[in-house]
>>> print(open('work-v6.pdb').read())   # PDB, C-alpha atoms, pLDDT in the B column
MODEL        1
ATOM      1  CA  TRP A 201     150.212 -54.935  84.910  1.00 50.00           C
ATOM      2  CA  LEU A 202     148.068 -51.992  86.004  1.00 52.00           C
ATOM      3  CA  LYS A 203     145.876 -52.338  82.895  1.00 52.00           C
ATOM      4  CA  ALA A 204     145.341 -56.039  83.610  1.00 54.00           C
ATOM      5  CA  ALA A 205     144.344 -55.310  87.215  1.00 58.00           C
ATOM      6  CA  ALA A 206     141.890 -52.608  86.124  1.00 55.00           C
ATOM      7  CA  LEU A 207     140.341 -54.965  83.582  1.00 56.00           C
ATOM      8  CA  GLU A 208     139.958 -57.683  86.220  1.00 64.00           C
ATOM      9  CA  GLN A 209     138.235 -55.274  88.614  1.00 63.00           C
ATOM     10  CA  ALA A 210     135.855 -54.134  85.835  1.00 58.00           C
ATOM     11  CA  MET A 211     134.937 -57.754  85.047  1.00 61.00           C
ATOM     12  CA  ALA A 212     134.314 -58.423  88.736  1.00 59.00           C
ATOM     13  CA  ARG A 213     131.986 -55.410  88.976  1.00 61.00           C
ATOM     14  CA  SER A 214     130.140 -56.581  85.815  1.00 63.00           C
ATOM     15  CA  THR A 215     129.647 -60.060  87.270  1.00 68.00           C
ATOM     16  CA  THR A 216     128.301 -58.623  90.519  1.00 67.00           C
ATOM     17  CA  LEU A 217     125.902 -56.364  88.615  1.00 63.00           C
ATOM     18  CA  SER A 218     124.636 -59.310  86.528  1.00 69.00           C
ATOM     19  CA  LYS A 219     124.012 -61.380  89.653  1.00 69.00           C
ATOM     20  CA  GLY A 220     122.132 -58.475  91.185  1.00 71.00           C
ATOM     21  CA  LEU A 221     119.869 -58.112  88.140  1.00 72.00           C
ATOM     22  CA  VAL A 222     119.118 -61.869  88.132  1.00 70.00           C
ATOM     23  CA  ALA A 223     118.269 -61.766  91.846  1.00 76.00           C
ATOM     24  CA  LEU A 224     115.965 -58.775  91.263  1.00 77.00           C
ATOM     25  CA  ALA A 225     114.179 -60.568  88.423  1.00 73.00           C
ATOM     26  CA  LEU A 226     113.666 -63.683  90.587  1.00 74.00           C
ATOM     27  CA  ALA A 227     112.316 -61.586  93.442  1.00 75.00           C
ATOM     28  CA  TYR A 228     109.836 -59.900  91.112  1.00 69.00           C
ATOM     29  CA  GLY A 229     108.690 -63.267  89.779  1.00 68.00           C
ATOM     30  CA  LEU A 230     108.176 -64.686  93.282  1.00 65.00           C
ATOM     31  CA  TRP A 231     106.250 -61.582  94.282  1.00 61.00           C
ATOM     32  CA  GLY A 232     103.835 -62.275  91.416  1.00 58.00           C
ATOM     33  CA  LEU A 233     103.200 -65.756  92.829  1.00 55.00           C
ATOM     34  CA  THR A 234     101.862 -64.606  96.167  1.00 53.00           C
ATOM     35  CA  PRO A 235      99.196 -66.834  97.781  1.00 50.00           C
ATOM     36  CA  THR A 236      96.424 -64.336  97.008  1.00 49.00           C
ATOM     37  CA  ASN A 237      97.120 -64.635  93.292  1.00 48.00           C
ATOM     38  CA  PHE A 238      97.746 -68.378  93.357  1.00 45.00           C
ATOM     39  CA  ILE A 239      94.392 -69.391  94.864  1.00 48.00           C
ATOM     40  CA  GLY A 240      92.307 -67.130  92.650  1.00 48.00           C
ATOM     41  CA  ALA A 241      91.526 -64.185  94.928  1.00 48.00           C
ATOM     42  CA  GLY A 242      91.528 -60.967  92.964  1.00 48.00           C
ATOM     43  CA  LEU A 243      94.234 -58.341  93.128  1.00 49.00           C
ATOM     44  CA  SER A 244      93.399 -55.155  94.960  1.00 52.00           C
ATOM     45  CA  ALA A 245      93.435 -53.221  91.662  1.00 52.00           C
ATOM     46  CA  ARG A 246      90.929 -55.595  90.047  1.00 52.00           C
ATOM     47  CA  SER A 247      87.321 -54.490  90.154  1.00 54.00           C
ATOM     48  CA  THR A 248      84.602 -56.696  91.606  1.00 54.00           C
ATOM     49  CA  ALA A 249      82.932 -57.022  88.204  1.00 53.00           C
ATOM     50  CA  THR A 250      85.985 -58.703  86.697  1.00 46.00           C
ATOM     51  CA  GLN A 251      86.975 -60.993  89.553  1.00 51.00           C
ATOM     52  CA  MET A 252      86.983 -64.683  88.691  1.00 53.00           C
ATOM     53  CA  ASN A 253      86.388 -67.430  91.217  1.00 60.00           C
ATOM     54  CA  GLY A 254      88.529 -70.448  90.469  1.00 71.00           C
ATOM     55  CA  TYR A 255      90.179 -73.420  92.105  1.00 73.00           C
ATOM     56  CA  ARG A 256      90.759 -73.143  95.864  1.00 78.00           C
ATOM     57  CA  LEU A 257      94.111 -74.890  96.110  1.00 79.00           C
ATOM     58  CA  ASP A 258      94.387 -73.896  99.763  1.00 81.00           C
ATOM     59  CA  TRP A 259      91.133 -75.729 100.531  1.00 80.00           C
ATOM     60  CA  MET A 260      92.399 -78.791  98.675  1.00 81.00           C
ATOM     61  CA  LEU A 261      95.676 -78.826 100.597  1.00 83.00           C
ATOM     62  CA  GLU A 262      94.004 -78.492 103.977  1.00 83.00           C
ATOM     63  CA  LYS A 263      91.212 -80.900 102.904  1.00 83.00           C
ATOM     64  CA  LYS A 264      88.507 -78.510 103.976  1.00 82.00           C
ATOM     65  CA  GLY A 265      85.297 -80.249 104.942  1.00 82.00           C
ATOM     66  CA  GLY A 266      87.014 -83.612 104.643  1.00 82.00           C
ATOM     67  CA  GLU A 267      87.050 -83.316 100.851  1.00 78.00           C
ATOM     68  CA  GLU A 268      90.270 -84.493  99.212  1.00 75.00           C
ATOM     69  CA  GLY A 269      89.319 -83.803  95.602  1.00 78.00           C
ATOM     70  CA  LEU A 270      88.730 -80.685  93.545  1.00 77.00           C
ATOM     71  CA  GLN A 271      87.263 -77.696  95.375  1.00 78.00           C
ATOM     72  CA  THR A 272      86.151 -74.451  93.793  1.00 81.00           C
ATOM     73  CA  GLN A 273      85.098 -71.094  95.128  1.00 73.00           C
ATOM     74  CA  ASP A 274      81.556 -71.560  93.801  1.00 70.00           C
ATOM     75  CA  GLY A 275      81.166 -74.962  95.416  1.00 73.00           C
ATOM     76  CA  TYR A 276      80.413 -76.832  92.193  1.00 70.00           C
ATOM     77  CA  TRP A 277      82.097 -77.846  88.971  1.00 72.00           C
ATOM     78  CA  VAL A 278      80.572 -78.444  85.529  1.00 75.00           C
ATOM     79  CA  GLY A 279      82.895 -80.577  83.438  1.00 79.00           C
ATOM     80  CA  GLU A 280      82.498 -82.178  80.036  1.00 85.00           C
ATOM     81  CA  THR A 281      80.263 -84.868  81.504  1.00 86.00           C
ATOM     82  CA  GLY A 282      78.012 -82.183  82.929  1.00 86.00           C
ATOM     83  CA  PHE A 283      77.802 -80.328  79.617  1.00 88.00           C
ATOM     84  CA  GLU A 284      77.042 -83.575  77.792  1.00 90.00           C
ATOM     85  CA  LYS A 285      74.200 -84.408  80.172  1.00 89.00           C
ATOM     86  CA  ALA A 286      72.800 -80.871  80.071  1.00 90.00           C
ATOM     87  CA  MET A 287      72.761 -80.755  76.266  1.00 92.00           C
ATOM     88  CA  GLY A 288      71.451 -84.316  76.043  1.00 91.00           C
ATOM     89  CA  ALA A 289      68.511 -83.342  78.256  1.00 92.00           C
ATOM     90  CA  GLN A 290      67.639 -80.708  75.627  1.00 92.00           C
ATOM     91  CA  GLY A 291      68.039 -83.201  72.796  1.00 93.00           C
ATOM     92  CA  LEU A 292      71.239 -81.540  71.539  1.00 94.00           C
ATOM     93  CA  ARG A 293      74.505 -83.279  70.791  1.00 93.00           C
ATOM     94  CA  TYR A 294      77.836 -82.585  72.474  1.00 91.00           C
ATOM     95  CA  ARG A 295      81.231 -83.139  70.805  1.00 87.00           C
ATOM     96  CA  MET A 296      79.538 -84.164  67.537  1.00 89.00           C
ATOM     97  CA  ARG A 297      78.356 -87.411  69.111  1.00 90.00           C
ATOM     98  CA  PRO A 298      74.776 -88.782  69.194  1.00 92.00           C
ATOM     99  CA  THR A 299      73.011 -88.696  72.528  1.00 90.00           C
ATOM    100  CA  ALA A 300      72.360 -91.855  74.526  1.00 88.00           C
ATOM    101  CA  GLU A 301      68.673 -91.522  73.646  1.00 90.00           C
ATOM    102  CA  GLU A 302      69.454 -91.394  69.907  1.00 92.00           C
ATOM    103  CA  TYR A 303      71.544 -94.554  70.155  1.00 90.00           C
ATOM    104  CA  LYS A 304      68.787 -96.216  72.139  1.00 90.00           C
ATOM    105  CA  LEU A 305      66.157 -95.369  69.516  1.00 91.00           C
ATOM    106  CA  GLY A 306      68.501 -95.873  66.554  1.00 90.00           C
ATOM    107  CA  LYS A 307      67.807 -92.326  65.397  1.00 90.00           C
ATOM    108  CA  GLU A 308      70.285 -90.814  62.910  1.00 90.00           C
ATOM    109  CA  VAL A 309      73.072 -93.198  63.938  1.00 89.00           C
ATOM    110  CA  ASP A 310      73.333 -95.285  60.769  1.00 87.00           C
ATOM    111  CA  GLY A 311      76.877 -96.385  60.025  1.00 85.00           C
ATOM    112  CA  LEU A 312      78.336 -94.907  63.206  1.00 87.00           C
ATOM    113  CA  ILE A 313      78.892 -98.250  64.953  1.00 87.00           C
ATOM    114  CA  THR A 314      80.955-101.064  63.461  1.00 87.00           C
ATOM    115  CA  GLN A 315      80.565-104.503  65.021  1.00 87.00           C
ATOM    116  CA  ILE A 316      83.302-107.122  64.716  1.00 90.00           C
ATOM    117  CA  GLY A 317      82.137-110.251  66.462  1.00 90.00           C
ATOM    118  CA  PRO A 318      81.099-109.356  70.005  1.00 90.00           C
ATOM    119  CA  LEU A 319      82.999-106.083  69.898  1.00 90.00           C
ATOM    120  CA  LYS A 320      81.547-102.749  68.799  1.00 87.00           C
ATOM    121  CA  PHE A 321      83.580 -99.778  67.625  1.00 89.00           C
ATOM    122  CA  LYS A 322      82.405 -96.240  66.885  1.00 88.00           C
ATOM    123  CA  PHE A 323      84.554 -95.707  63.807  1.00 88.00           C
ATOM    124  CA  GLY A 324      81.698 -93.846  62.147  1.00 86.00           C
ATOM    125  CA  GLU A 325      81.804 -91.156  64.817  1.00 85.00           C
ATOM    126  CA  ALA A 326      85.449 -90.459  64.022  1.00 84.00           C
ATOM    127  CA  PHE A 327      84.931 -90.094  60.274  1.00 82.00           C
ATOM    128  CA  GLY A 328      81.272 -89.103  59.948  1.00 80.00           C
ATOM    129  CA  GLY A 329      80.268 -87.545  63.243  1.00 85.00           C
ATOM    130  CA  THR A 330      78.126 -84.423  63.278  1.00 89.00           C
ATOM    131  CA  GLY A 331      76.662 -82.163  65.925  1.00 91.00           C
ATOM    132  CA  VAL A 332      73.531 -81.514  63.874  1.00 92.00           C
ATOM    133  CA  ASN A 333      70.429 -83.570  64.637  1.00 93.00           C
ATOM    134  CA  GLU A 334      66.672 -83.064  64.421  1.00 92.00           C
ATOM    135  CA  LYS A 335      66.560 -80.882  67.537  1.00 93.00           C
ATOM    136  CA  LEU A 336      69.277 -78.549  66.253  1.00 93.00           C
ATOM    137  CA  ARG A 337      67.586 -78.308  62.846  1.00 92.00           C
ATOM    138  CA  GLN A 338      64.395 -77.239  64.616  1.00 92.00           C
ATOM    139  CA  LEU A 339      66.394 -74.658  66.581  1.00 92.00           C
ATOM    140  CA  LYS A 340      67.942 -73.253  63.395  1.00 90.00           C
ATOM    141  CA  ALA A 341      64.507 -72.950  61.784  1.00 89.00           C
ATOM    142  CA  LYS A 342      63.211 -71.177  64.898  1.00 90.00           C
ATOM    143  CA  ILE A 343      66.115 -68.694  64.881  1.00 88.00           C
ATOM    144  CA  PHE A 344      65.484 -67.907  61.206  1.00 86.00           C
ATOM    145  CA  LYS A 345      61.729 -67.511  61.713  1.00 86.00           C
ATOM    146  CA  GLU A 346      62.091 -65.211  64.727  1.00 88.00           C
ATOM    147  CA  GLY A 347      64.613 -62.943  63.015  1.00 87.00           C
ATOM    148  CA  ILE A 348      65.595 -59.930  65.104  1.00 90.00           C
ATOM    149  CA  THR A 349      64.125 -60.097  68.607  1.00 91.00           C
ATOM    150  CA  ASP A 350      66.057 -57.315  70.331  1.00 93.00           C
ATOM    151  CA  PRO A 351      63.569 -54.441  70.968  1.00 94.00           C
ATOM    152  CA  LYS A 352      66.323 -51.831  70.606  1.00 95.00           C
ATOM    153  CA  LYS A 353      67.358 -53.134  67.188  1.00 94.00           C
ATOM    154  CA  ILE A 354      63.735 -53.324  66.048  1.00 94.00           C
ATOM    155  CA  ALA A 355      63.166 -49.695  67.075  1.00 95.00           C
ATOM    156  CA  GLU A 356      66.398 -48.621  65.378  1.00 95.00           C
ATOM    157  CA  ASN A 357      65.334 -50.406  62.193  1.00 93.00           C
ATOM    158  CA  GLU A 358      62.049 -48.497  62.169  1.00 94.00           C
ATOM    159  CA  TYR A 359      63.959 -45.228  62.548  1.00 94.00           C
ATOM    160  CA  TRP A 360      66.399 -46.119  59.752  1.00 91.00           C
ATOM    161  CA  VAL A 361      63.617 -47.124  57.360  1.00 89.00           C
ATOM    162  CA  LYS A 362      61.938 -43.750  57.855  1.00 90.00           C
ATOM    163  CA  LYS A 363      65.132 -41.738  57.554  1.00 88.00           C
ATOM    164  CA  TYR A 364      67.295 -43.721  55.123  1.00 86.00           C
ATOM    165  CA  GLY A 365      64.875 -46.073  53.401  1.00 83.00           C
ATOM    166  CA  HIS A 366      66.518 -49.289  54.602  1.00 83.00           C
ATOM    167  CA  LYS A 367      67.110 -51.195  57.814  1.00 86.00           C
ATOM    168  CA  ARG A 368      70.124 -50.924  60.057  1.00 90.00           C
ATOM    169  CA  TRP A 369      70.062 -54.472  61.451  1.00 90.00           C
ATOM    170  CA  PHE A 370      69.367 -57.772  59.709  1.00 84.00           C
ATOM    171  CA  ALA A 371      68.635 -61.237  61.049  1.00 83.00           C
ATOM    172  CA  PRO A 372      71.729 -63.268  61.973  1.00 80.00           C
ATOM    173  CA  SER A 373      72.957 -65.823  59.504  1.00 81.00           C
ATOM    174  CA  VAL A 374      71.876 -69.392  60.175  1.00 85.00           C
ATOM    175  CA  ASN A 375      74.285 -72.219  59.429  1.00 84.00           C
ATOM    176  CA  GLN A 376      73.010 -74.422  56.589  1.00 84.00           C
ATOM    177  CA  ALA A 377      74.491 -77.716  57.808  1.00 86.00           C
ATOM    178  CA  GLN A 378      71.813 -80.397  58.231  1.00 87.00           C
ATOM    179  CA  GLY A 379      73.856 -83.367  59.399  1.00 85.00           C
ATOM    180  CA  ASN A 380      72.067 -85.881  57.187  1.00 81.00           C
ATOM    181  CA  THR A 381      74.551 -86.236  54.322  1.00 78.00           C
ATOM    182  CA  LYS A 382      75.030 -89.851  53.269  1.00 75.00           C
ATOM    183  CA  VAL A 383      78.157 -89.378  51.130  1.00 74.00           C
ATOM    184  CA  LEU A 384      81.745 -88.760  52.221  1.00 74.00           C
ATOM    185  CA  PHE A 385      82.476 -86.111  49.579  1.00 80.00           C
ATOM    186  CA  ARG A 386      79.927 -83.627  48.282  1.00 81.00           C
ATOM    187  CA  GLY A 387      79.402 -83.100  44.573  1.00 85.00           C
ATOM    188  CA  LEU A 388      80.661 -80.071  42.685  1.00 87.00           C
ATOM    189  CA  ALA A 389      77.197 -78.531  42.560  1.00 86.00           C
ATOM    190  CA  ALA A 390      76.834 -78.663  46.335  1.00 83.00           C
ATOM    191  CA  TRP A 391      80.297 -77.175  46.770  1.00 83.00           C
ATOM    192  CA  SER A 392      79.799 -74.348  44.291  1.00 84.00           C
ATOM    193  CA  GLY A 393      76.059 -73.766  44.640  1.00 79.00           C
ATOM    194  CA  PHE A 394      75.757 -73.880  40.830  1.00 83.00           C
ATOM    195  CA  ASP A 395      73.785 -76.703  39.264  1.00 85.00           C
ATOM    196  CA  PRO A 396      72.292 -75.537  35.939  1.00 84.00           C
ATOM    197  CA  LEU A 397      71.444 -79.079  34.764  1.00 85.00           C
ATOM    198  CA  LYS A 398      69.793 -80.025  38.069  1.00 85.00           C
ATOM    199  CA  GLU A 399      72.035 -83.092  38.376  1.00 87.00           C
ATOM    200  CA  GLU A 400      72.439 -82.905  42.142  1.00 87.00           C
ATOM    201  CA  ARG A 401      69.946 -80.399  43.528  1.00 84.00           C
ATOM    202  CA  GLY A 402      67.055 -82.252  45.138  1.00 83.00           C
ATOM    203  CA  LYS A 403      68.813 -85.614  44.732  1.00 84.00           C
ATOM    204  CA  THR A 404      72.152 -85.858  46.482  1.00 82.00           C
ATOM    205  CA  TRP A 405      72.154 -82.168  47.360  1.00 83.00           C
ATOM    206  CA  ILE A 406      69.142 -81.106  49.407  1.00 82.00           C
ATOM    207  CA  GLU A 407      69.262 -77.583  50.784  1.00 82.00           C
ATOM    208  CA  ALA A 408      67.983 -76.612  54.205  1.00 84.00           C
ATOM    209  CA  ASN A 409      64.382 -75.436  54.325  1.00 80.00           C
ATOM    210  CA  TRP A 410      64.850 -72.684  56.893  1.00 79.00           C
ATOM    211  CA  GLY A 411      66.239 -70.116  54.484  1.00 74.00           C
ATOM    212  CA  LYS A 412      69.327 -67.954  54.332  1.00 74.00           C
ATOM    213  CA  PRO A 413      68.983 -64.657  56.246  1.00 69.00           C
ATOM    214  CA  ALA A 414      72.178 -63.265  54.727  1.00 69.00           C
ATOM    215  CA  ILE A 415      70.645 -63.151  51.234  1.00 69.00           C
ATOM    216  CA  GLN A 416      67.038 -62.401  52.130  1.00 66.00           C
ATOM    217  CA  LYS A 417      67.520 -58.710  51.378  1.00 63.00           C
ATOM    218  CA  TYR A 418      68.529 -59.560  47.808  1.00 64.00           C
ATOM    219  CA  LEU A 419      65.411 -61.556  46.952  1.00 61.00           C
ATOM    220  CA  ASP A 420      63.187 -60.075  44.241  1.00 59.00           C
ATOM    221  CA  THR A 421      65.845 -57.532  43.283  1.00 58.00           C
ATOM    222  CA  LYS A 422      67.392 -59.445  40.385  1.00 58.00           C
ATOM    223  CA  VAL A 423      66.085 -60.681  37.040  1.00 54.00           C
ATOM    224  CA  LYS A 424      67.466 -63.709  35.233  1.00 60.00           C
ATOM    225  CA  GLY A 425      69.806 -63.247  32.312  1.00 57.00           C
ATOM    226  CA  PHE A 426      72.270 -60.514  31.475  1.00 57.00           C
ATOM    227  CA  VAL A 427      72.087 -57.032  32.956  1.00 62.00           C
ATOM    228  CA  THR A 428      69.488 -55.127  30.973  1.00 68.00           C
ATOM    229  CA  PRO A 429      68.266 -51.512  31.140  1.00 72.00           C
ATOM    230  CA  GLU A 430      65.218 -52.803  32.974  1.00 75.00           C
ATOM    231  CA  GLN A 431      67.471 -54.498  35.516  1.00 69.00           C
ATOM    232  CA  VAL A 432      69.485 -51.323  36.074  1.00 70.00           C
ATOM    233  CA  LYS A 433      66.294 -49.312  36.512  1.00 76.00           C
ATOM    234  CA  LYS A 434      64.872 -51.847  38.957  1.00 77.00           C
ATOM    235  CA  GLU A 435      67.986 -51.835  41.127  1.00 71.00           C
ATOM    236  CA  TYR A 436      68.165 -48.038  40.999  1.00 71.00           C
ATOM    237  CA  ASN A 437      64.542 -47.717  42.122  1.00 76.00           C
ATOM    238  CA  ASP A 438      65.084 -50.224  44.933  1.00 72.00           C
ATOM    239  CA  GLY A 439      67.637 -47.856  46.441  1.00 65.00           C
ATOM    240  CA  LYS A 440      65.330 -44.833  46.470  1.00 65.00           C
ATOM    241  CA  LEU A 441      63.764 -43.543  49.643  1.00 60.00           C
ATOM    242  CA  LYS A 442      60.142 -44.484  49.991  1.00 57.00           C
TER     243      LYS A 442
ENDMDL
END
>>> encode(input="work-v6.pdb", output="structure tokens")
Amino acid sequence: WLKAAALEQAMARSTTLSKGLVALALAYGLWGLTPTNFIGAGLSARSTATQMNGYRLDWMLEKKGGEEGLQTQDGYWVGETGFEKAMGAQGLRYRMRPTAEEYKLGKEVDGLITQIGPLKFKFGEAFGGTGVNEKLRQLKAKIFKEGITDPKKIAENEYWVKKYGHKRWFAPSVNQAQGNTKVLFRGLAAWSGFDPLKEERGKTWIEANWGKPAIQKYLDTKVKGFVTPEQVKKEYNDGKLK
């Protein structure tokens, strides 16, 4: 009987301890949801440089200024519609969809709209949409042509060339997508980059004309055919300090 009573008391103490731990955990969680954290004001330990201004839920609840909708600390909100308009004003596409101006002029929108009677559907956007248009192709060509524009990297390159014989920084890679493919699936040559019989290159596979920065440093360092003594000598000399 005494053993049973002692066991019952131990179980009671265990239950009380478990309830206490649960209550402590809930209190800690509620403390983390204080109003200052909920409305976006920074914690005292957060530096000014990392504070983020967000939704002002308190302003929304009290309908500050008579406004019942969304209110932010900055006083404005740029949503998807705003981004679409901003990019459209620059001639760039948003969400891989043609701009209103491109649809108006019928520019690079072939096959994107399907008309069934009086109804029009944009099935082509779902299966053949692209974010690349003429404006983006011009931007890619400009990025490739400019190369490295950071003065610090240019100066560091000059130092490396003098000391090590090669540059430290190279121009960023430029995506080769052109957005003007007329076929659903690309040929094997376009996928592999190998077309010895010239069956696709220049016909169904037309490469971008702005170049490939990632392989620029390898141009004029290789000779066609197998590796020959002349090839080894050429590559060896290319690595020498000048």
>>> atom_distance(input="work-v6.pdb", atom1="CA of Glu308 (chain A)", atom2="CA of Arg386 (chain A)")
18.9 Å
>>> residues_around(input="work-v6.pdb", residues="region 268-271 of chain A", least_positions_apart="6", cutoff="7 Å", atoms="all atoms listed in the file", output="compact mmCIF listing (two decimals) with C-alpha atoms, in the coordinates of the input")
# COMPACT_ATOMS: atom_id res chain seq x y z
CA TYR A 255 90.18 -73.42 92.10
CA ARG A 256 90.76 -73.14 95.86
CA TRP A 259 91.13 -75.73 100.53
CA MET A 260 92.40 -78.79 98.68
>>> closest_residue(input="work-v6.pdb", among="A:Asp274, A:Leu312, A:Thr299, A:Ile348", to="Ser373 (chain A)", atoms="all atoms listed in the file")
A:Ile348
>>> resolve_selection(input="work-v6.pdb", expression="the PyMOL selection byres ((chain A and resi 294) around 12)", output="MDAnalysis selection string")
chainID A and resid 280:293 295:300 329:333 336
>>> atom_distance(input="work-v6.pdb", atom1="CA of Leu388 (chain A)", atom2="CA of Glu334 (chain A)")
26.0 Å
>>> residues_around(input="work-v6.pdb", residues="Phe344 (chain A)", least_positions_apart="3", cutoff="9 Å", atoms="only C-alpha atoms", output="mmCIF file with C-alpha atoms, in the frame of the given file")
data_model
loop_
_atom_site.group_PDB
_atom_site.id
_atom_site.type_symbol
_atom_site.label_atom_id
_atom_site.label_comp_id
_atom_site.auth_asym_id
_atom_site.auth_seq_id
_atom_site.Cartn_x
_atom_site.Cartn_y
_atom_site.Cartn_z
ATOM 1 C CA LEU A 339 66.394 -74.658 66.581
ATOM 2 C CA LYS A 340 67.942 -73.253 63.395
ATOM 3 C CA ALA A 341 64.507 -72.950 61.784
ATOM 4 C CA GLY A 347 64.613 -62.943 63.015
ATOM 5 C CA ILE A 348 65.595 -59.930 65.104
ATOM 6 C CA ALA A 371 68.635 -61.237 61.049
ATOM 7 C CA PRO A 372 71.729 -63.268 61.973
ATOM 8 C CA SER A 373 72.957 -65.823 59.504
ATOM 9 C CA VAL A 374 71.876 -69.392 60.175
ATOM 10 C CA TRP A 410 64.850 -72.684 56.893
ATOM 11 C CA GLY A 411 66.239 -70.116 54.484
ATOM 12 C CA LYS A 412 69.327 -67.954 54.332
ATOM 13 C CA PRO A 413 68.983 -64.657 56.246
#
>>> closest_residue(input="work-v6.pdb", among="A:Pro396, A:Arg401, A:Trp369, A:Ala390", to="Asp350 (chain A)", atoms="only C-alpha atoms")
A:Trp369
>>> decode(input="work-v6.pdb", residues="region 322-359 of chain A", atoms="C-alpha atoms", output="compact mmCIF listing (two decimals), in the first residue's frame")
# COMPACT_ATOMS: atom_id res chain seq x y z
CA LYS A 322 -3.59 33.14 -74.28
CA PHE A 323 -2.69 29.47 -74.45
CA GLY A 324 0.57 30.36 -76.19
CA GLU A 325 1.74 32.29 -73.14
CA ALA A 326 1.35 29.19 -70.98
CA PHE A 327 3.33 26.90 -73.28
CA GLY A 328 5.60 29.27 -75.20
CA GLY A 329 5.97 32.38 -73.08
CA THR A 330 9.36 34.03 -72.72
CA GLY A 331 10.74 37.02 -70.89
CA VAL A 332 13.22 37.79 -73.66
CA ASN A 333 12.29 40.42 -76.23
CA GLU A 334 14.14 42.93 -78.41
CA LYS A 335 14.79 45.31 -75.51
CA LEU A 336 16.31 42.57 -73.33
CA ARG A 337 18.46 41.34 -76.22
CA GLN A 338 19.80 44.88 -76.60
CA LEU A 339 20.50 44.98 -72.85
CA LYS A 340 22.39 41.68 -72.99
CA ALA A 341 24.52 42.95 -75.89
CA LYS A 342 25.24 46.15 -73.94
CA ILE A 343 26.31 44.19 -70.83
CA PHE A 344 28.66 42.05 -72.93
CA LYS A 345 30.14 45.06 -74.75
CA GLU A 346 30.75 47.04 -71.55
CA GLY A 347 32.45 44.14 -69.78
CA ILE A 348 33.82 45.05 -66.36
CA THR A 349 32.82 48.57 -65.33
CA ASP A 350 33.80 48.55 -61.66
CA PRO A 351 36.86 50.85 -61.29
CA LYS A 352 38.23 48.77 -58.41
CA LYS A 353 38.11 45.56 -60.45
CA ILE A 354 39.70 47.28 -63.45
CA ALA A 355 42.56 48.55 -61.27
CA GLU A 356 42.99 45.11 -59.69
CA ASN A 357 43.13 43.52 -63.14
CA GLU A 358 45.92 45.88 -64.17
CA TYR A 359 47.85 44.94 -61.03
